[in-house]
$ cat work-v3.tsv   # TSV, C-alpha atoms and all ligand atoms
chain	number	residue	atom	x	y	z
A	155	MET	CA	97.35	135.59	92.78
A	156	ILE	CA	99.38	133.21	94.93
A	157	CYS	CA	101.17	131.05	92.38
A	158	ALA	CA	101.59	127.34	92.96
A	159	ALA	CA	102.94	124.27	91.19
A	160	ILE	CA	101.93	120.63	91.18
A	161	PHE	CA	104.73	118.04	91.24
A	162	GLY	CA	103.28	114.88	89.66
A	163	PHE	CA	100.03	115.02	87.70
A	164	GLY	CA	98.57	111.60	88.47
A	165	ASN	CA	95.34	110.80	90.27
A	166	ILE	CA	95.89	113.05	93.31
A	167	GLY	CA	97.68	115.81	91.39
A	168	SER	CA	94.70	116.12	89.05
A	169	GLY	CA	92.42	116.17	92.12
A	170	VAL	CA	94.42	119.10	93.51
A	171	LEU	CA	93.99	121.03	90.24
A	172	ASP	CA	90.25	120.25	90.24
A	173	VAL	CA	89.81	121.59	93.78
A	174	ILE	CA	91.83	124.75	93.05
A	175	GLU	CA	90.10	125.51	89.75
A	176	ASN	CA	86.58	124.65	90.81
A	177	ASN	CA	86.57	125.85	94.43
A	178	GLN	CA	88.35	129.16	93.83
A	179	HIS	CA	85.39	131.02	95.35
A	180	GLU	CA	85.79	129.11	98.62
A	181	ILE	CA	89.59	129.48	98.56
A	182	ARG	CA	89.31	133.26	98.14
A	183	LYS	CA	87.47	133.55	101.43
A	184	THR	CA	90.86	132.89	103.04
A	185	LEU	CA	93.18	133.98	100.23
A	186	PRO	CA	91.41	136.98	98.64
A	187	GLU	CA	94.13	137.20	95.97
A	188	GLY	CA	93.33	133.63	94.86
A	189	LEU	CA	95.43	130.50	94.34
A	190	TYR	CA	96.63	129.70	90.84
A	191	VAL	CA	98.43	126.63	89.49
A	192	LYS	CA	101.09	128.15	87.24
A	193	TYR	CA	103.03	124.94	86.55
A	194	ILE	CA	102.50	121.22	86.49
A	195	LEU	CA	105.71	119.19	86.70
A	196	ASP	CA	105.45	115.88	84.90
A	197	ILE	CA	107.53	114.04	82.33
A	198	ARG	CA	104.47	112.64	80.54
A	199	ASP	CA	102.95	114.21	77.44
A	200	PHE	CA	99.77	116.16	78.15
A	201	SER	CA	99.54	117.91	74.80
A	202	GLY	CA	95.98	118.40	73.65
A	203	THR	CA	94.70	118.76	77.21
A	204	PRO	CA	93.38	122.09	78.57
A	205	TYR	CA	96.37	122.49	80.91
A	206	ALA	CA	99.09	121.48	78.38
A	207	ASP	CA	100.62	125.00	78.40
A	208	ARG	CA	101.33	124.70	82.12
A	209	VAL	CA	103.12	121.34	82.00
A	210	VAL	CA	106.91	121.47	82.34
A	211	SER	CA	109.44	118.68	82.72
A	212	ASP	CA	112.28	120.79	84.13
A	213	ILE	CA	111.94	121.51	87.87
A	214	ASP	CA	114.32	124.48	87.60
A	215	ILE	CA	111.70	126.46	85.67
A	216	ILE	CA	109.53	126.26	88.79
A	217	LEU	CA	112.28	126.73	91.36
A	218	ASN	CA	113.65	129.79	89.55
A	219	ASP	CA	110.28	131.51	89.25
A	220	PRO	CA	110.04	133.98	92.17
A	221	GLU	CA	106.24	133.98	91.91
A	222	ILE	CA	105.97	130.37	93.13
A	223	LYS	CA	105.16	130.34	96.85
A	224	VAL	CA	103.86	126.81	97.36
A	225	VAL	CA	104.02	123.46	95.62
A	226	CYS	CA	102.16	120.23	96.16
A	227	GLU	CA	104.14	117.04	95.84
A	228	THR	CA	101.82	114.31	94.62
A	229	MET	CA	104.43	112.18	92.86
A	230	GLY	CA	104.50	109.33	95.36
A	231	GLY	CA	107.54	107.22	96.24
A	232	LYS	CA	110.83	108.41	97.69
A	233	GLU	CA	112.74	109.62	94.65
A	234	PRO	CA	112.71	112.00	92.94
A	235	ALA	CA	110.03	113.24	95.37
A	236	PHE	CA	112.54	113.75	98.19
A	237	THR	CA	115.08	115.62	96.06
A	238	PHE	CA	112.41	117.83	94.50
A	239	SER	CA	110.79	118.58	97.87
A	240	ARG	CA	114.16	119.41	99.44
A	241	LYS	CA	115.11	121.70	96.57
A	242	ALA	CA	111.79	123.57	96.78
A	243	LEU	CA	112.08	124.00	100.56
A	244	GLU	CA	115.67	125.23	100.22
A	245	LYS	CA	114.32	127.95	97.91
A	246	GLY	CA	111.83	128.96	100.60
A	247	ILE	CA	108.88	127.41	98.73
A	248	SER	CA	106.43	125.55	101.01
A	249	VAL	CA	105.69	121.93	100.11
A	250	CYS	CA	102.37	120.19	100.80
A	251	THR	CA	102.12	116.47	100.18
A	252	SER	CA	99.97	113.35	100.16
A	253	ASN	CA	103.08	111.15	99.94
A	254	LYS	CA	103.06	109.00	103.11
A	255	GLU	CA	106.08	106.99	102.01
A	256	LEU	CA	108.15	110.16	101.85
A	257	VAL	CA	106.71	111.65	105.05
A	258	GLU	CA	107.44	108.44	106.98
A	259	ALA	CA	110.99	108.20	105.64
A	260	TYR	CA	112.05	111.89	105.65
A	261	GLY	CA	109.47	113.78	107.74
A	262	PRO	CA	111.80	115.14	110.44
A	263	GLN	CA	114.46	116.08	107.89
A	264	LEU	CA	112.05	117.93	105.58
A	265	LEU	CA	110.41	119.72	108.53
A	266	LYS	CA	113.87	120.92	109.61
A	267	ILE	CA	114.81	122.13	106.13
A	268	ALA	CA	111.48	123.97	105.92
A	269	LYS	CA	112.11	125.69	109.25
A	270	GLU	CA	115.65	126.71	108.25
A	271	ASN	CA	114.30	128.28	105.06
A	272	GLY	CA	111.26	130.10	106.47
A	273	CYS	CA	108.68	127.92	104.74
A	274	SER	CA	106.48	124.93	105.62
A	275	TYR	CA	106.30	121.21	105.00
A	276	LEU	CA	102.71	120.04	105.47
A	277	PHE	CA	101.28	116.55	105.03
A	278	GLU	CA	97.58	116.47	106.01
A	279	ALA	CA	96.72	114.26	103.02
A	280	SER	CA	99.34	111.64	103.87
A	281	VAL	CA	97.06	109.93	106.41
A	282	GLY	CA	93.31	109.43	106.14
A	283	GLY	CA	92.82	110.94	102.65
A	284	GLY	CA	90.32	113.78	103.07
A	285	ILE	CA	89.94	113.49	106.85
A	286	PRO	CA	91.27	116.47	108.82
A	287	LEU	CA	93.46	114.48	111.22
A	288	ILE	CA	97.07	115.71	111.17
A	289	ALA	CA	96.13	119.36	111.75
A	290	PRO	CA	93.90	118.48	114.76
A	291	LEU	CA	96.73	116.34	116.19
A	292	ASN	CA	99.31	119.11	115.67
A	293	ASN	CA	97.12	122.01	116.70
A	294	CYS	CA	93.90	121.29	118.60
A	295	LEU	CA	95.41	118.45	120.65
A	296	ARG	CA	98.79	120.02	121.54
A	297	GLN	CA	97.76	120.29	125.19
A	298	ASP	CA	96.87	116.60	125.54
A	299	ARG	CA	99.13	113.62	126.05
A	300	ILE	CA	97.93	111.28	123.29
A	301	LEU	CA	97.83	107.77	124.71
A	302	TYR	CA	96.28	105.76	121.96
A	303	ILE	CA	95.53	105.86	118.23
A	304	ALA	CA	93.76	103.04	116.39
A	305	GLY	CA	92.27	103.17	112.98
A	306	ILE	CA	91.19	101.92	109.63
A	307	LEU	CA	93.81	103.77	107.63
A	308	ASN	CA	93.67	102.20	104.18
A	309	GLY	CA	90.71	102.86	101.90
A	310	THR	CA	91.52	100.08	99.44
A	311	THR	CA	91.57	97.26	101.97
A	312	ASN	CA	88.53	98.63	103.79
A	313	TYR	CA	86.65	98.76	100.48
A	314	ILE	CA	87.74	95.16	99.77
A	315	LEU	CA	86.92	93.79	103.24
A	316	ASP	CA	83.59	95.59	103.33
A	317	ARG	CA	82.56	94.11	99.98
A	318	MET	CA	83.83	90.65	101.02
A	319	GLU	CA	81.61	90.98	104.07
A	320	SER	CA	78.49	92.34	102.40
A	321	GLU	CA	78.65	90.51	99.04
A	322	GLY	CA	80.41	87.27	99.95
A	323	VAL	CA	83.03	87.75	97.22
A	324	ASP	CA	86.80	87.06	97.28
A	325	TYR	CA	89.30	89.88	97.31
A	326	GLU	CA	90.97	89.68	93.88
A	327	PRO	CA	88.05	90.95	91.74
A	328	VAL	CA	87.22	93.66	94.26
A	329	LEU	CA	90.84	94.82	94.23
A	330	LYS	CA	90.48	95.48	90.49
A	331	ASP	CA	87.48	97.73	91.22
A	332	ALA	CA	89.49	99.58	93.89
A	333	MET	CA	92.26	100.14	91.34
A	334	ASN	CA	89.80	101.44	88.74
A	335	LEU	CA	88.34	103.83	91.31
A	336	GLY	CA	91.81	105.29	91.95
A	337	TYR	CA	92.01	104.09	95.56
A	338	ALA	CA	94.89	101.61	95.31
A	339	GLU	CA	98.60	102.36	95.23
A	340	ARG	CA	100.53	101.95	91.97
A	341	ASN	CA	101.67	98.63	93.41
A	342	PRO	CA	98.57	97.43	95.30
A	343	GLU	CA	100.76	95.10	97.38
A	344	ALA	CA	101.39	98.24	99.46
A	345	ASP	CA	97.67	98.21	100.34
A	346	ILE	CA	97.05	94.46	100.60
A	347	GLY	CA	100.31	93.77	102.45
A	348	GLY	CA	99.50	96.37	105.14
A	349	HIS	CA	102.52	98.55	104.24
A	350	ASP	CA	100.42	101.63	103.49
A	351	THR	CA	98.61	101.31	106.83
A	352	GLY	CA	101.98	100.68	108.50
A	353	ARG	CA	103.42	103.91	107.11
A	354	LYS	CA	100.35	105.85	108.20
A	355	ILE	CA	100.35	104.52	111.77
A	356	SER	CA	104.08	105.24	111.84
A	357	ILE	CA	103.41	108.92	110.98
A	358	LEU	CA	100.61	109.14	113.56
A	359	SER	CA	102.78	107.44	116.22
A	360	SER	CA	105.57	109.90	115.52
A	361	LEU	CA	103.23	112.85	115.97
A	362	MET	CA	101.84	111.20	119.12
A	363	THR	CA	105.29	110.80	120.71
A	364	GLY	CA	107.14	113.72	119.09
A	365	LYS	CA	109.85	111.20	118.18
A	366	TRP	CA	110.43	109.12	115.05
A	367	VAL	CA	108.59	105.81	115.01
A	368	ARG	CA	109.95	104.00	111.98
A	369	TYR	CA	107.75	101.76	109.90
A	370	GLU	CA	110.61	99.28	109.52
A	371	ASN	CA	110.62	98.70	113.30
A	372	MET	CA	106.99	97.69	113.62
A	373	TYR	CA	105.01	94.51	113.04
A	374	VAL	CA	103.01	94.61	109.78
A	375	GLU	CA	100.61	91.97	108.46
A	376	GLY	CA	98.24	92.33	105.50
A	377	ILE	CA	94.88	90.91	104.48
A	378	SER	CA	95.88	88.32	101.88
A	379	LYS	CA	95.06	85.37	104.17
A	380	ILE	CA	91.55	86.57	105.05
A	381	THR	CA	88.90	84.26	103.60
A	382	GLN	CA	85.13	84.12	103.28
A	383	ARG	CA	85.11	81.55	106.08
A	384	ASP	CA	86.66	84.15	108.41
A	385	PHE	CA	83.72	86.42	107.69
A	386	GLN	CA	81.31	83.55	108.36
A	387	TYR	CA	82.80	82.94	111.81
A	388	ALA	CA	83.06	86.65	112.50
A	389	SER	CA	79.51	87.57	111.59
A	390	ALA	CA	78.06	84.59	113.50
A	391	HIS	CA	79.64	86.07	116.63
A	392	GLY	CA	78.92	89.77	116.06
A	393	TYR	CA	82.28	90.65	114.55
A	394	SER	CA	83.70	91.85	111.26
A	395	VAL	CA	87.27	91.73	109.90
A	396	ARG	CA	89.16	94.99	109.41
A	397	LEU	CA	92.77	95.98	108.80
A	398	LEU	CA	93.84	98.24	111.68
A	399	GLY	CA	96.87	100.28	112.61
A	400	VAL	CA	97.17	100.43	116.39
A	401	SER	CA	99.56	102.52	118.50
A	402	ARG	CA	99.50	102.57	122.29
A	403	ARG	CA	101.60	104.41	124.88
A	404	ASP	CA	102.03	103.07	128.38
A	405	GLY	CA	104.42	105.32	130.32
A	406	GLU	CA	107.51	105.48	128.12
A	407	ALA	CA	106.70	102.18	126.39
A	408	LEU	CA	105.12	102.23	122.95
A	409	SER	CA	103.52	99.35	121.08
A	410	VAL	CA	102.62	99.71	117.41
A	411	MET	CA	101.29	97.21	114.92
A	412	THR	CA	99.34	96.78	111.70
A	413	ALA	CA	97.24	93.65	111.21
A	414	PRO	CA	93.75	92.41	110.37
A	415	PHE	CA	91.59	92.23	113.49
A	416	LEU	CA	88.19	90.84	114.34
A	417	LEU	CA	86.35	94.07	115.12
A	418	PRO	CA	83.01	94.03	116.98
A	419	GLN	CA	80.27	95.15	114.61
A	420	VAL	CA	79.10	97.58	117.28
A	421	HIS	CA	82.54	99.23	117.54
A	422	PRO	CA	82.51	102.86	116.27
A	423	LEU	CA	85.37	102.09	113.85
A	424	HIS	CA	83.13	99.56	112.09
A	425	ALA	CA	80.89	102.40	110.92
A	426	ALA	CA	83.59	103.23	108.32
A	427	ARG	CA	82.32	101.33	105.29
A	428	GLY	CA	83.78	101.08	101.79
A	429	VAL	CA	86.62	103.48	101.11
A	430	PHE	CA	86.00	105.36	104.35
A	431	ASN	CA	88.67	105.45	107.05
A	432	ALA	CA	88.03	105.94	110.76
A	433	VAL	CA	90.57	106.84	113.41
A	434	LEU	CA	90.09	106.74	117.16
A	435	VAL	CA	92.39	109.05	119.13
A	436	ASN	CA	92.56	109.03	122.91
A	437	GLY	CA	94.06	111.99	124.77
A	438	ASN	CA	94.62	111.99	128.52
A	439	LYS	CA	92.35	115.04	128.98
A	440	VAL	CA	90.06	115.10	125.95
A	441	ASP	CA	89.29	111.33	126.11
A	442	ASN	CA	88.12	109.58	122.92
A	443	LEU	CA	87.81	111.34	119.57
A	444	LEU	CA	86.63	109.73	116.35
A	445	PHE	CA	87.68	111.02	112.92
A	446	SER	CA	86.04	109.60	109.83
A	447	GLY	CA	85.78	110.27	106.10
A	448	ARG	CA	86.95	109.14	102.69
A	449	GLY	CA	90.45	107.73	103.10
A	450	ALA	CA	91.36	107.63	99.41
A	451	GLY	CA	90.27	109.07	96.07
A	452	LYS	CA	91.44	112.07	94.09
A	453	LEU	CA	88.99	114.72	95.28
A	454	PRO	CA	88.97	113.98	99.05
A	455	THR	CA	92.77	113.67	99.05
A	456	GLY	CA	93.13	116.67	96.73
A	457	SER	CA	90.93	118.66	99.11
A	458	ALA	CA	93.27	117.86	102.03
A	459	VAL	CA	96.34	118.89	100.00
A	460	VAL	CA	94.73	122.20	99.01
A	461	SER	CA	93.84	122.88	102.64
A	462	ASP	CA	97.57	122.67	103.42
A	463	MET	CA	98.43	124.87	100.44
A	464	ILE	CA	96.09	127.57	101.74
A	465	THR	CA	97.57	127.21	105.24
A	466	ALA	CA	101.14	127.50	103.92
A	467	ALA	CA	100.24	130.47	101.70
A	468	THR	CA	98.61	132.23	104.64
A	469	ASP	CA	101.40	131.47	107.11
A	470	PRO	CA	104.70	130.11	105.72
A	471	THR	CA	105.80	129.26	109.29
A	472	SER	CA	102.80	127.01	109.93
A	473	SER	CA	104.80	123.75	110.13
A	474	HIS	CA	107.52	125.16	112.42
A	475	HIS	CA	105.78	124.11	115.63
A	476	ILE	CA	105.18	120.49	114.53
A	477	ASN	CA	106.60	118.29	117.25
A	478	TRP	CA	108.52	115.57	115.40
A	479	SER	CA	112.20	115.09	116.18
A	480	ASP	CA	114.63	112.74	114.42
A	481	GLU	CA	115.20	110.73	117.62
A	482	VAL	CA	114.18	107.18	116.71
A	483	VAL	CA	112.00	105.40	119.26
A	484	ILE	CA	111.84	101.62	119.01
A	485	PRO	CA	108.46	100.07	119.87
A	486	GLU	CA	108.17	97.19	122.35
A	487	PRO	CA	109.08	93.83	120.79
A	488	GLN	CA	106.01	92.30	119.18
A	489	ASP	CA	106.63	89.05	121.09
A	490	GLU	CA	105.84	90.80	124.36
A	491	CYS	CA	102.55	92.35	123.21
A	492	GLU	CA	99.36	90.75	124.49
A	493	ASN	CA	96.44	89.93	122.24
A	494	ARG	CA	93.41	87.68	122.07
A	495	PHE	CA	93.24	85.37	119.07
A	496	PHE	CA	90.61	83.65	116.95
A	497	VAL	CA	92.04	80.28	115.84
A	498	LYS	CA	90.98	77.67	113.25
A	499	VAL	CA	92.25	74.09	113.10
A	500	SER	CA	90.94	71.04	111.28
A	501	ALA	CA	88.09	69.24	113.07
A	502	GLY	CA	90.41	66.27	113.61
A	503	SER	CA	92.88	68.48	115.55
A	504	ARG	CA	90.34	69.59	118.14
A	505	GLU	CA	91.63	67.40	120.95
A	506	LYS	CA	95.23	68.45	120.41
A	507	ALA	CA	94.27	72.15	120.24
A	508	GLU	CA	92.26	71.88	123.49
A	509	GLN	CA	95.19	70.19	125.16
A	510	VAL	CA	97.79	72.75	123.96
A	511	PHE	CA	95.62	75.78	124.80
A	512	ASN	CA	94.35	74.24	128.04
A	513	GLY	CA	93.04	77.03	130.31
A	514	GLN	CA	93.50	79.67	127.58
A	515	ILE	CA	90.45	78.92	125.39
A	516	ASP	CA	87.84	81.57	125.89
A	517	GLU	CA	84.97	80.53	123.57
A	518	ILE	CA	84.33	77.76	121.04
A	519	TRP	CA	83.35	79.36	117.72
A	520	SER	CA	82.85	76.24	115.55
A	521	LEU	CA	79.96	76.47	113.08
A	522	GLU	CA	77.62	73.71	111.86
A	523	GLU	CA	78.03	74.96	108.31
A	524	ILE	CA	81.83	74.47	108.51
A	525	PRO	CA	81.98	70.92	109.93
A	526	ASP	CA	85.58	70.28	108.83
A	527	GLU	CA	87.00	72.93	111.16
A	528	PHE	CA	87.27	73.52	114.91
A	529	ALA	CA	87.36	77.23	115.81
A	530	PHE	CA	87.95	78.94	119.13
A	531	THR	CA	89.05	82.21	120.69
A	532	THR	CA	91.77	82.58	123.29
A	533	VAL	CA	92.08	84.71	126.37
A	534	ALA	CA	94.72	87.49	126.22
A	535	MET	CA	98.19	86.02	125.87
A	536	THR	CA	101.58	87.25	124.70
A	537	GLU	CA	102.39	86.92	121.04
A	538	SER	CA	105.37	84.68	121.88
A	539	ASP	CA	103.27	82.36	124.07
A	540	PHE	CA	100.67	82.16	121.30
A	541	ALA	CA	103.29	81.50	118.60
A	542	LYS	CA	104.85	78.66	120.63
A	543	LYS	CA	101.48	77.00	121.08
A	544	ALA	CA	100.33	77.63	117.52
A	545	ALA	CA	103.46	75.84	116.29
A	546	MET	CA	102.31	72.71	118.18
A	547	ILE	CA	98.99	72.44	116.33
A	548	GLU	CA	98.18	72.35	112.64
A	549	MET	CA	96.62	75.77	112.54
A	550	ILE	CA	94.58	76.74	109.46
A	551	GLY	CA	94.51	80.39	110.39
A	552	ARG	CA	94.35	82.95	113.16
A	553	ILE	CA	93.20	86.54	113.49
A	554	ARG	CA	93.72	88.86	116.43
A	555	ILE	CA	90.65	90.18	118.23
A	556	PHE	CA	90.27	93.92	118.85
B	1	LIG	N1	96.03	103.43	98.63
B	1	LIG	C1	95.69	104.32	99.69
B	1	LIG	C2	94.42	103.81	100.35
B	1	LIG	C3	95.48	105.69	99.14
B	1	LIG	O1	93.75	102.96	99.77
B	1	LIG	O2	94.13	104.23	101.46
B	1	LIG	C4	95.30	106.75	100.20
B	1	LIG	O3	96.43	106.86	101.01
$ encode --input "work-v3.tsv" --output "structure tokens" --more "lines below"
Ligand code: HSE
Amino acid sequence: MICAAIFGFGNIGSGVLDVIENNQHEIRKTLPEGLYVKYILDIRDFSGTPYADRVVSDIDIILNDPEIKVVCETMGGKEPAFTFSRKALEKGISVCTSNKELVEAYGPQLLKIAKENGCSYLFEASVGGGIPLIAPLNNCLRQDRILYIAGILNGTTNYILDRMESEGVDYEPVLKDAMNLGYAERNPEADIGGHDTGRKISILSSLMTGKWVRYENMYVEGISKITQRDFQYASAHGYSVRLLGVSRRDGEALSVMTAPFLLPQVHPLHAARGVFNAVLVNGNKVDNLLFSGRGAGKLPTGSAVVSDMITAATDPTSSHHINWSDEVVIPEPQDECENRFFVKVSAGSREKAEQVFNGQIDEIWSLEEIPDEFAFTTVAMTESDFAKKAAMIEMIGRIRIF
């Protein structure tokens, strides 16, 4: 038996145990000796549960057990997850995680510690839940220069926006459902505010460039201002509204952002409904690739973590080739990025808006059923040009167009 431990027995940690216990037959096709969860590290009381005898609250019991070859860190947050992961790696124990906050903040450092200690730090489940995405980027696409990654990277907000679109409901009650289904973060502001997507596009951008693209250096906007009226305008013109993380390389320049976008209903990313994520990757030789699957939930995410655990158990050096240095690369200033915008003003402000955006209005999107508003789309313009003009009108709202 290859012995393992689970750090943090919440939603994902219990999903990892489920996959290991119930898919042992599949796991043994690669690891004939089998994978066994010997310890579960958690400070909560699990007495009376079938796994109570495996729960420990002292990490040293795990770190000092020479049988432990791999752990999964499904605690979430930076501390104590960072300290525990570092300690395990320093003991030569591979760490596999779903913790995007930790990967974004300490990825290069933990990869280095793993390499120095002959073990691996793997993080397939940190982006896209159950979708195999990180391994294809790090392995199958090593020969390509990745130019572009854009995706729906947060299951909770996609579930909310999809239900707002199909059921005409507002986001608060749907958020409660997403929390009950185990999709949302402990603090769902991380989902709604776009921070979770921001961290995920940061990790993908880092793997794309081989450098460190920090979340704190990118523009992030969430979905809290999206209304039913936005969906009315969008659907009348063949669009939907989706929260996207977008990262683009042009020579040495990199632009990265997270924001809600009007997405054409015929766009392949729009096929990701509910909790599904979809990620479009463009390589200079392979061209477009589309990855899709469940982006959140204990079993899909647990499945991705266990995949890494099998990889690490099979080859403890498997993360050593991951191309992610600690050299920070700062994306282009958001002000200089070009976008098209959908804009709403009050009906009475139409003349002023037409005057301010003279020559830059692409289409009028006003609807008979919303007579109190004037809506239009712009041609591509820089964010700073748009902001200057938007400040001159009494704008009700605006959404970028993908
Ligand atoms: N809260 C996250 C989501 C969980 O909804 O996508 C998976 O990272």
$ closest_atom_pairs --input "work-v3.tsv" --of "chain A" --to "ligand LIG 1 (chain B)" --cutoff "7 Å" --atoms "only C-alpha atoms and all ligand atoms" --output "JSON lines"
{"residue": "A:Ser280", "atom": "CA", "partner": "B:LIG1", "partner_atom": "O3", "distance": 6.3}
{"residue": "A:Val281", "atom": "CA", "partner": "B:LIG1", "partner_atom": "O3", "distance": 6.2}
{"residue": "A:Gly282", "atom": "CA", "partner": "B:LIG1", "partner_atom": "O3", "distance": 6.5}
{"residue": "A:Gly283", "atom": "CA", "partner": "B:LIG1", "partner_atom": "C4", "distance": 5.5}
{"residue": "A:Leu307", "atom": "CA", "partner": "B:LIG1", "partner_atom": "O2", "distance": 6.2}
{"residue": "A:Asn308", "atom": "CA", "partner": "B:LIG1", "partner_atom": "O2", "distance": 3.4}
{"residue": "A:Gly309", "atom": "CA", "partner": "B:LIG1", "partner_atom": "O2", "distance": 3.7}
{"residue": "A:Thr310", "atom": "CA", "partner": "B:LIG1", "partner_atom": "O1", "distance": 3.7}
{"residue": "A:Thr311", "atom": "CA", "partner": "B:LIG1", "partner_atom": "O1", "distance": 6.5}
{"residue": "A:Tyr337", "atom": "CA", "partner": "B:LIG1", "partner_atom": "O1", "distance": 4.7}
{"residue": "A:Ala338", "atom": "CA", "partner": "B:LIG1", "partner_atom": "N1", "distance": 4.0}
{"residue": "A:Glu339", "atom": "CA", "partner": "B:LIG1", "partner_atom": "N1", "distance": 4.4}
{"residue": "A:Asp345", "atom": "CA", "partner": "B:LIG1", "partner_atom": "N1", "distance": 5.7}
{"residue": "A:Asp350", "atom": "CA", "partner": "B:LIG1", "partner_atom": "C1", "distance": 6.6}
{"residue": "A:Gly449", "atom": "CA", "partner": "B:LIG1", "partner_atom": "O2", "distance": 5.3}
{"residue": "A:Ala450", "atom": "CA", "partner": "B:LIG1", "partner_atom": "C4", "distance": 4.1}
{"residue": "A:Gly451", "atom": "CA", "partner": "B:LIG1", "partner_atom": "C4", "distance": 6.9}
$ write_last_selection --input "work-v3.tsv" --atoms "C-alpha atoms" --output "mmCIF file, keeping the file's coordinate frame"
data_model
loop_
_atom_site.group_PDB
_atom_site.id
_atom_site.type_symbol
_atom_site.label_atom_id
_atom_site.label_comp_id
_atom_site.auth_asym_id
_atom_site.auth_seq_id
_atom_site.Cartn_x
_atom_site.Cartn_y
_atom_site.Cartn_z
ATOM 1 C CA SER A 280 99.340 111.640 103.870
ATOM 2 C CA VAL A 281 97.060 109.930 106.410
ATOM 3 C CA GLY A 282 93.310 109.430 106.140
ATOM 4 C CA GLY A 283 92.820 110.940 102.650
ATOM 5 C CA LEU A 307 93.810 103.770 107.630
ATOM 6 C CA ASN A 308 93.670 102.200 104.180
ATOM 7 C CA GLY A 309 90.710 102.860 101.900
ATOM 8 C CA THR A 310 91.520 100.080 99.440
ATOM 9 C CA THR A 311 91.570 97.260 101.970
ATOM 10 C CA TYR A 337 92.010 104.090 95.560
ATOM 11 C CA ALA A 338 94.890 101.610 95.310
ATOM 12 C CA GLU A 339 98.600 102.360 95.230
ATOM 13 C CA ASP A 345 97.670 98.210 100.340
ATOM 14 C CA ASP A 350 100.420 101.630 103.490
ATOM 15 C CA GLY A 449 90.450 107.730 103.100
ATOM 16 C CA ALA A 450 91.360 107.630 99.410
ATOM 17 C CA GLY A 451 90.270 109.070 96.070
#
$ residues_around --input "work-v3.tsv" --residues "Lys365 in chain A" --least-positions-apart "5" --cutoff "6 Å" --atoms "only C-alpha atoms" --output "PyMOL selection string"
chain A and resi 360+478-479+481
$ write_last_selection --input "work-v3.tsv" --atoms "C-alpha atoms" --output "PDB file, in the coordinates of the input"
ATOM      1  CA  SER A 360     105.570 109.900 115.520  1.00  0.00           C
ATOM      2  CA  TRP A 478     108.520 115.570 115.400  1.00  0.00           C
ATOM      3  CA  SER A 479     112.200 115.090 116.180  1.00  0.00           C
ATOM      4  CA  GLU A 481     115.200 110.730 117.620  1.00  0.00           C
TER       5      GLU A 481
END
$ residues_around --input "work-v3.tsv" --residues "Glu227 in chain A" --least-positions-apart "2" --cutoff "10 Å" --atoms "all atoms listed in the file" --output "MDAnalysis selection string"
chainID A and resid 159:163 166:167 195 224:225 229:230 235:236 238:239 249:253 256 277 459
$ atom_distance --input "work-v3.tsv" --atom1 "CA of Ser401 in chain A" --atom2 "CA of His349 in chain A"
15.1 Å
$ axis_aligned_box --input "work-v3.tsv" --around "range 405-413 of chain A" --padding-each-side "8 Å" --output "lines of an AutoDock Vina configuration file"
center_x = 102.4
center_y = 99.6
center_z = 120.8
size_x = 26.3
size_y = 27.8
size_z = 35.1
$ atom_distance --input "work-v3.tsv" --atom1 "CA of Gly376 in chain A" --atom2 "CA of Gln514 in chain A"
25.9 Å
$ residues_around --input "work-v3.tsv" --residues "Thr471 in chain A" --least-positions-apart "6" --cutoff "8 Å" --atoms "all atoms listed in the file" --output "list in words"
Lys269, Gly272, Cys273 and Ser274 of chain A
$ write_last_selection --input "work-v3.tsv" --atoms "C-alpha atoms" --output "CSV table (one decimal), keeping the file's coordinate frame"
chain,number,residue,atom,x,y,z
A,269,LYS,CA,112.1,125.7,109.2
A,272,GLY,CA,111.3,130.1,106.5
A,273,CYS,CA,108.7,127.9,104.7
A,274,SER,CA,106.5,124.9,105.6
$ closest_residue --input "work-v3.tsv" --among "A:Lys266, A:Lys543, A:Lys192, A:Lys245" --to "Asn218 in chain A" --atoms "only C-alpha atoms"
A:Lys245
$ closest_residue --input "work-v3.tsv" --among "A:Val510, A:Leu276, A:Val440, A:Ile300" --to "Lys542 in chain A" --atoms "only C-alpha atoms"
A:Val510
$ atom_distance --input "work-v3.tsv" --atom1 "CA of Ile518 in chain A" --atom2 "CA of Thr531 in chain A"
6.5 Å
$ closest_residue --input "work-v3.tsv" --among "A:His424, A:Arg504, A:Lys223, A:Lys452" --to "Asp172 in chain A" --atoms "all atoms listed in the file"
A:Lys452
$ residues_around --input "work-v3.tsv" --residues "Glu326 in chain A" --least-positions-apart "3" --cutoff "12 Å" --atoms "all atoms listed in the file" --output "list in words"
Thr310, Thr311, Ile314, Leu315, Arg317, Met318, Val323, Leu329, Lys330, Asp331, Ala332, Met333, Pro342, Glu343, Ile346, Ile377, Ser378, Lys379, Ile380 and Thr381 of chain A
$ write_last_selection --input "work-v3.tsv" --atoms "C-alpha atoms" --output "tab-separated table (two decimals), keeping the file's coordinate frame"
chain	number	residue	atom	x	y	z
A	310	THR	CA	91.52	100.08	99.44
A	311	THR	CA	91.57	97.26	101.97
A	314	ILE	CA	87.74	95.16	99.77
A	315	LEU	CA	86.92	93.79	103.24
A	317	ARG	CA	82.56	94.11	99.98
A	318	MET	CA	83.83	90.65	101.02
A	323	VAL	CA	83.03	87.75	97.22
A	329	LEU	CA	90.84	94.82	94.23
A	330	LYS	CA	90.48	95.48	90.49
A	331	ASP	CA	87.48	97.73	91.22
A	332	ALA	CA	89.49	99.58	93.89
A	333	MET	CA	92.26	100.14	91.34
A	342	PRO	CA	98.57	97.43	95.30
A	343	GLU	CA	100.76	95.10	97.38
A	346	ILE	CA	97.05	94.46	100.60
A	377	ILE	CA	94.88	90.91	104.48
A	378	SER	CA	95.88	88.32	101.88
A	379	LYS	CA	95.06	85.37	104.17
A	380	ILE	CA	91.55	86.57	105.05
A	381	THR	CA	88.90	84.26	103.60
